[in-house]
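Below is query_12.cif, which holds mmCIF, C-alpha atoms.
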```cif
data_start
#
loop_
_atom_site.group_PDB
_atom_site.id
_atom_site.type_symbol
_atom_site.label_atom_id
_atom_site.label_comp_id
_atom_site.auth_asym_id
_atom_site.auth_seq_id
_atom_site.Cartn_x
_atom_site.Cartn_y
_atom_site.Cartn_z
ATOM 1 C CA MET Z 516 111.047 61.856 162.670
ATOM 2 C CA SER Z 517 109.518 65.319 162.177
ATOM 3 C CA ASN Z 518 108.001 67.269 164.994
ATOM 4 C CA VAL Z 519 104.652 69.029 164.869
ATOM 5 C CA SER Z 520 106.119 72.546 164.937
ATOM 6 C CA ASN Z 521 107.835 71.912 161.584
ATOM 7 C CA LEU Z 522 104.504 70.918 160.049
ATOM 8 C CA ALA Z 523 103.036 74.340 160.815
ATOM 9 C CA ALA Z 524 105.854 76.176 159.004
ATOM 10 C CA PRO Z 525 105.367 77.592 155.491
ATOM 11 C CA LEU Z 526 106.153 75.239 152.635
ATOM 12 C CA ARG Z 527 109.882 75.319 151.853
ATOM 13 C CA GLY Z 528 112.066 74.011 149.083
ATOM 14 C CA PHE Z 529 109.400 73.703 146.385
ATOM 15 C CA SER Z 530 106.569 75.618 144.763
ATOM 16 C CA LEU Z 531 103.075 74.315 145.221
ATOM 17 C CA GLU Z 532 101.115 73.577 142.065
ATOM 18 C CA PRO Z 533 97.411 74.506 142.045
ATOM 19 C CA ALA Z 534 95.149 72.193 144.024
ATOM 20 C CA LEU Z 535 92.822 69.865 142.146
ATOM 21 C CA ILE Z 536 89.336 69.422 143.599
ATOM 22 C CA THR Z 537 87.459 66.513 142.036
ATOM 23 C CA ILE Z 538 83.700 66.082 142.319
ATOM 24 C CA THR Z 539 82.870 62.529 141.291
ATOM 25 C CA ASN Z 540 79.550 61.115 140.071
ATOM 26 C CA LEU Z 541 77.136 63.804 141.247
ATOM 27 C CA ARG Z 542 73.840 62.139 140.319
ATOM 28 C CA LEU Z 543 70.927 64.463 139.615
ATOM 29 C CA ARG Z 544 67.658 64.534 137.713
ATOM 30 C CA THR Z 545 66.568 67.180 135.225
ATOM 31 C CA TYR Z 546 64.641 67.749 132.031
ATOM 32 C CA ILE Z 547 67.144 67.199 129.235
ATOM 33 C CA GLY Z 548 66.518 66.539 125.578
ATOM 34 C CA PHE Z 549 64.194 67.610 122.819
ATOM 35 C CA ASN Z 550 62.127 64.500 122.079
ATOM 36 C CA GLN Z 551 58.536 64.530 123.335
ATOM 37 C CA GLU Z 552 59.190 62.007 126.119
ATOM 38 C CA GLU Z 553 62.310 63.896 127.237
ATOM 39 C CA LEU Z 554 60.364 67.145 127.528
ATOM 40 C CA SER Z 555 57.826 65.664 129.937
ATOM 41 C CA LYS Z 556 59.946 63.335 132.089
ATOM 42 C CA GLN Z 557 63.046 64.062 134.156
ATOM 43 C CA GLN Z 558 66.126 61.996 133.396
ATOM 44 C CA ASP Z 559 69.283 61.126 135.263
ATOM 45 C CA VAL Z 560 72.490 63.000 134.604
ATOM 46 C CA VAL Z 561 75.863 62.288 136.183
ATOM 47 C CA ILE Z 562 78.271 65.177 136.651
ATOM 48 C CA ASN Z 563 82.015 65.016 137.187
ATOM 49 C CA ALA Z 564 84.080 68.131 137.767
ATOM 50 C CA GLU Z 565 87.748 68.949 138.135
ATOM 51 C CA ILE Z 566 88.492 72.374 139.586
ATOM 52 C CA ARG Z 567 91.960 73.876 140.033
ATOM 53 C CA TYR Z 568 92.812 76.776 142.304
ATOM 54 C CA GLN Z 569 95.898 78.062 144.084
ATOM 55 C CA ALA Z 570 95.661 76.624 147.599
ATOM 56 C CA SER Z 571 99.049 77.603 149.026
ATOM 57 C CA GLN Z 572 97.621 80.158 151.483
ATOM 58 C CA ALA Z 573 94.950 77.722 152.656
ATOM 59 C CA CYS Z 574 97.601 75.021 153.108
ATOM 60 C CA GLU Z 575 99.904 77.261 155.112
ATOM 61 C CA ALA Z 576 97.197 78.797 157.315
ATOM 62 C CA ASP Z 577 94.989 75.679 157.630
ATOM 63 C CA SER Z 578 92.053 78.057 157.226
ATOM 64 C CA GLU Z 579 88.738 77.260 155.561
ATOM 65 C CA GLN Z 580 88.356 80.988 154.847
ATOM 66 C CA LEU Z 581 91.276 80.741 152.408
ATOM 67 C CA ALA Z 582 90.132 77.520 150.752
ATOM 68 C CA LEU Z 583 87.785 77.209 147.815
ATOM 69 C CA ASN Z 584 84.389 76.186 149.179
ATOM 70 C CA TYR Z 585 83.478 73.225 146.981
ATOM 71 C CA LYS Z 586 80.278 72.663 148.960
ATOM 72 C CA VAL Z 587 78.917 76.073 147.891
ATOM 73 C CA ILE Z 588 79.868 75.380 144.262
ATOM 74 C CA THR Z 589 78.243 71.926 144.359
ATOM 75 C CA LYS Z 590 75.019 73.286 145.866
ATOM 76 C CA ALA Z 591 74.839 75.889 143.082
ATOM 77 C CA MET Z 592 75.358 73.144 140.491
ATOM 78 C CA ILE Z 593 72.599 71.036 142.047
ATOM 79 C CA ALA Z 594 70.138 73.940 142.085
ATOM 80 C CA HIS Z 595 70.891 74.849 138.467
ATOM 81 C CA VAL Z 596 70.442 71.286 137.211
ATOM 82 C CA GLU Z 597 67.345 70.440 139.225
ATOM 83 C CA GLN Z 598 65.557 73.715 138.476
ATOM 84 C CA GLY Z 599 66.512 73.876 134.813
ATOM 85 C CA GLN Z 600 65.380 72.464 131.520
ATOM 86 C CA PHE Z 601 67.919 71.824 128.778
ATOM 87 C CA ARG Z 602 67.724 70.619 125.192
ATOM 88 C CA LEU Z 603 71.413 69.717 124.852
ATOM 89 C CA LEU Z 604 74.067 68.183 127.076
ATOM 90 C CA GLU Z 605 76.405 70.828 125.654
ATOM 91 C CA LYS Z 606 74.246 73.635 127.075
ATOM 92 C CA LEU Z 607 73.996 72.048 130.521
ATOM 93 C CA CYS Z 608 77.743 71.389 130.558
ATOM 94 C CA ALA Z 609 78.535 74.975 129.467
ATOM 95 C CA ASP Z 610 76.229 76.388 132.146
ATOM 96 C CA LEU Z 611 77.961 74.344 134.846
ATOM 97 C CA LEU Z 612 81.403 75.340 133.600
ATOM 98 C CA GLN Z 613 80.367 79.006 133.692
ATOM 99 C CA LEU Z 614 79.022 78.595 137.209
ATOM 100 C CA VAL Z 615 82.362 77.156 138.390
ATOM 101 C CA MET Z 616 84.444 79.734 136.516
ATOM 102 C CA ASP Z 617 82.391 82.565 138.056
ATOM 103 C CA GLU Z 618 84.313 81.860 141.281
ATOM 104 C CA PRO Z 619 87.317 84.210 140.865
ATOM 105 C CA ARG Z 620 89.792 81.883 142.600
ATOM 106 C CA VAL Z 621 89.213 79.082 140.092
ATOM 107 C CA LEU Z 622 92.119 78.890 137.655
ATOM 108 C CA SER Z 623 90.688 76.168 135.432
ATOM 109 C CA ALA Z 624 87.921 73.609 135.383
ATOM 110 C CA SER Z 625 86.636 70.662 133.423
ATOM 111 C CA ILE Z 626 83.042 69.470 133.549
ATOM 112 C CA THR Z 627 81.679 66.194 132.182
ATOM 113 C CA VAL Z 628 77.947 65.544 132.021
ATOM 114 C CA ASP Z 629 76.798 61.993 131.330
ATOM 115 C CA LYS Z 630 73.311 61.060 130.211
ATOM 116 C CA PRO Z 631 72.880 57.383 131.090
ATOM 117 C CA HIS Z 632 70.824 55.241 128.722
ATOM 118 C CA ALA Z 633 70.744 57.913 126.001
ATOM 119 C CA LEU Z 634 71.697 55.310 123.408
ATOM 120 C CA ARG Z 635 70.229 51.848 123.200
ATOM 121 C CA PHE Z 636 73.457 49.854 123.329
ATOM 122 C CA ALA Z 637 75.594 52.258 125.382
ATOM 123 C CA ASP Z 638 75.828 52.802 129.115
ATOM 124 C CA SER Z 639 75.982 56.559 128.666
ATOM 125 C CA VAL Z 640 76.661 59.520 126.408
ATOM 126 C CA SER Z 641 78.728 62.386 127.762
ATOM 127 C CA VAL Z 642 79.977 65.845 126.905
ATOM 128 C CA THR Z 643 83.092 67.392 128.434
ATOM 129 C CA LEU Z 644 83.980 71.079 128.358
ATOM 130 C CA ALA Z 645 86.988 72.758 129.937
ATOM 131 C CA GLY Z 646 88.015 76.327 130.537
ATOM 132 C CA LYS Z 647 90.851 78.275 132.081
ATOM 133 C CA ARG Z 648 91.187 81.759 133.427
ATOM 134 C CA ASP Z 649 92.573 84.253 130.911
ATOM 135 C CA ARG Z 650 95.869 85.707 132.136
ATOM 136 C CA GLU Z 651 95.858 89.475 132.345
#
```

As a first step, turn the structure in this file into structure tokens.
Amino acid sequence: MSNVSNLAAPLRGFSLEPALITITNLRLRTYIGFNQEELSKQQDVVINAEIRYQASQACEADSEQLALNYKVITKAMIAHVEQGQFRLLEKLCADLLQLVMDEPRVLSASITVDKPHALRFADSVSVTLAGKRDRE
């Protein structure tokens, strides 16, 4: 049985891989498309994001100041989608990826944007884009 004092010690015996933050099924409405009806009526989009960052300091210190604030990132994504107008899923997806990658602590990210009911016999159409920080 481990005692609590050992839990507060720095991680020992292994290296910690980057943390993976997953945002699942963020449902928003925006103007997306280029057909006449799409230009005048908001549509649903569903956003999924995977964000990796090095969390070892946050883990060791148990400090929110050292953690990536996914709430701030999500609020920025919401504002961008709801206030924007986009012709292509690719553009919206690229914008969201850029927004996430603008946070310097993010090592890599993947964004998927689904447009439900875009095709008659399909549940959804989606675009996924991914990026990683260039090593200097």

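Comparing Z:Ala633, Z:Val621, Z:Met616, Z:Ile562 by their smallest distance to Z:Gly548, the closest is Z:Ala633 (using all atoms listed in the file).
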
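Taking atom CA of Z:Asp638 and atom CA of Z:Val561 as endpoints, the distance between them is 11.8 Å.
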
task = To verify the selection step, state as a list in words which residues the PyMOL selection byres ((chain Z and resi 584) around 12) yields on this input.
result = Ile536, Ile566, Tyr568, Ala570, Ala573, Ser578, Glu579, Gln580, Leu581, Ala582, Leu583, Tyr585, Lys586, Val587, Ile588, Thr589, Lys590, Ala591, Val615, Glu618, Pro619, Arg620 and Val621 of chain Z

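The spacing separating atom CA of Z:Asp559 from atom CA of Z:Leu611 amounts to 15.8 Å.
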
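Atom pair atom CA of Z:Gly646 / atom CA of Z:Leu612: separated by 7.4 Å.
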
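Once the PyMOL selection byres ((chain Z and resi 599-601) around 9) is applied to the depicted file, the selected set reads Thr545, Tyr546, Ile547, Gly548, Phe549, Leu554, Ala594, His595, Val596, Glu597, Gln598, Arg602, Leu603, Leu604, Lys606 and Leu607 of chain Z.
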
For this file, the PyMOL selection byres ((chain Z and resi 626) around 8) selects which residues, as a PDB file with C-alpha atoms, keeping the file's coordinate frame?
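The new file result_12.pdb reads:
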```
ATOM      1  CA  ILE Z 562      78.271  65.177 136.651  1.00  0.00           C
ATOM      2  CA  ASN Z 563      82.015  65.016 137.187  1.00  0.00           C
ATOM      3  CA  ALA Z 564      84.080  68.131 137.767  1.00  0.00           C
ATOM      4  CA  GLU Z 565      87.748  68.949 138.135  1.00  0.00           C
ATOM      5  CA  CYS Z 608      77.743  71.389 130.558  1.00  0.00           C
ATOM      6  CA  LEU Z 611      77.961  74.344 134.846  1.00  0.00           C
ATOM      7  CA  LEU Z 612      81.403  75.340 133.600  1.00  0.00           C
ATOM      8  CA  ALA Z 624      87.921  73.609 135.383  1.00  0.00           C
ATOM      9  CA  SER Z 625      86.636  70.662 133.423  1.00  0.00           C
ATOM     10  CA  THR Z 627      81.679  66.194 132.182  1.00  0.00           C
ATOM     11  CA  VAL Z 628      77.947  65.544 132.021  1.00  0.00           C
ATOM     12  CA  THR Z 643      83.092  67.392 128.434  1.00  0.00           C
ATOM     13  CA  LEU Z 644      83.980  71.079 128.358  1.00  0.00           C
ATOM     14  CA  ALA Z 645      86.988  72.758 129.937  1.00  0.00           C
TER      15      ALA Z 645
END
```
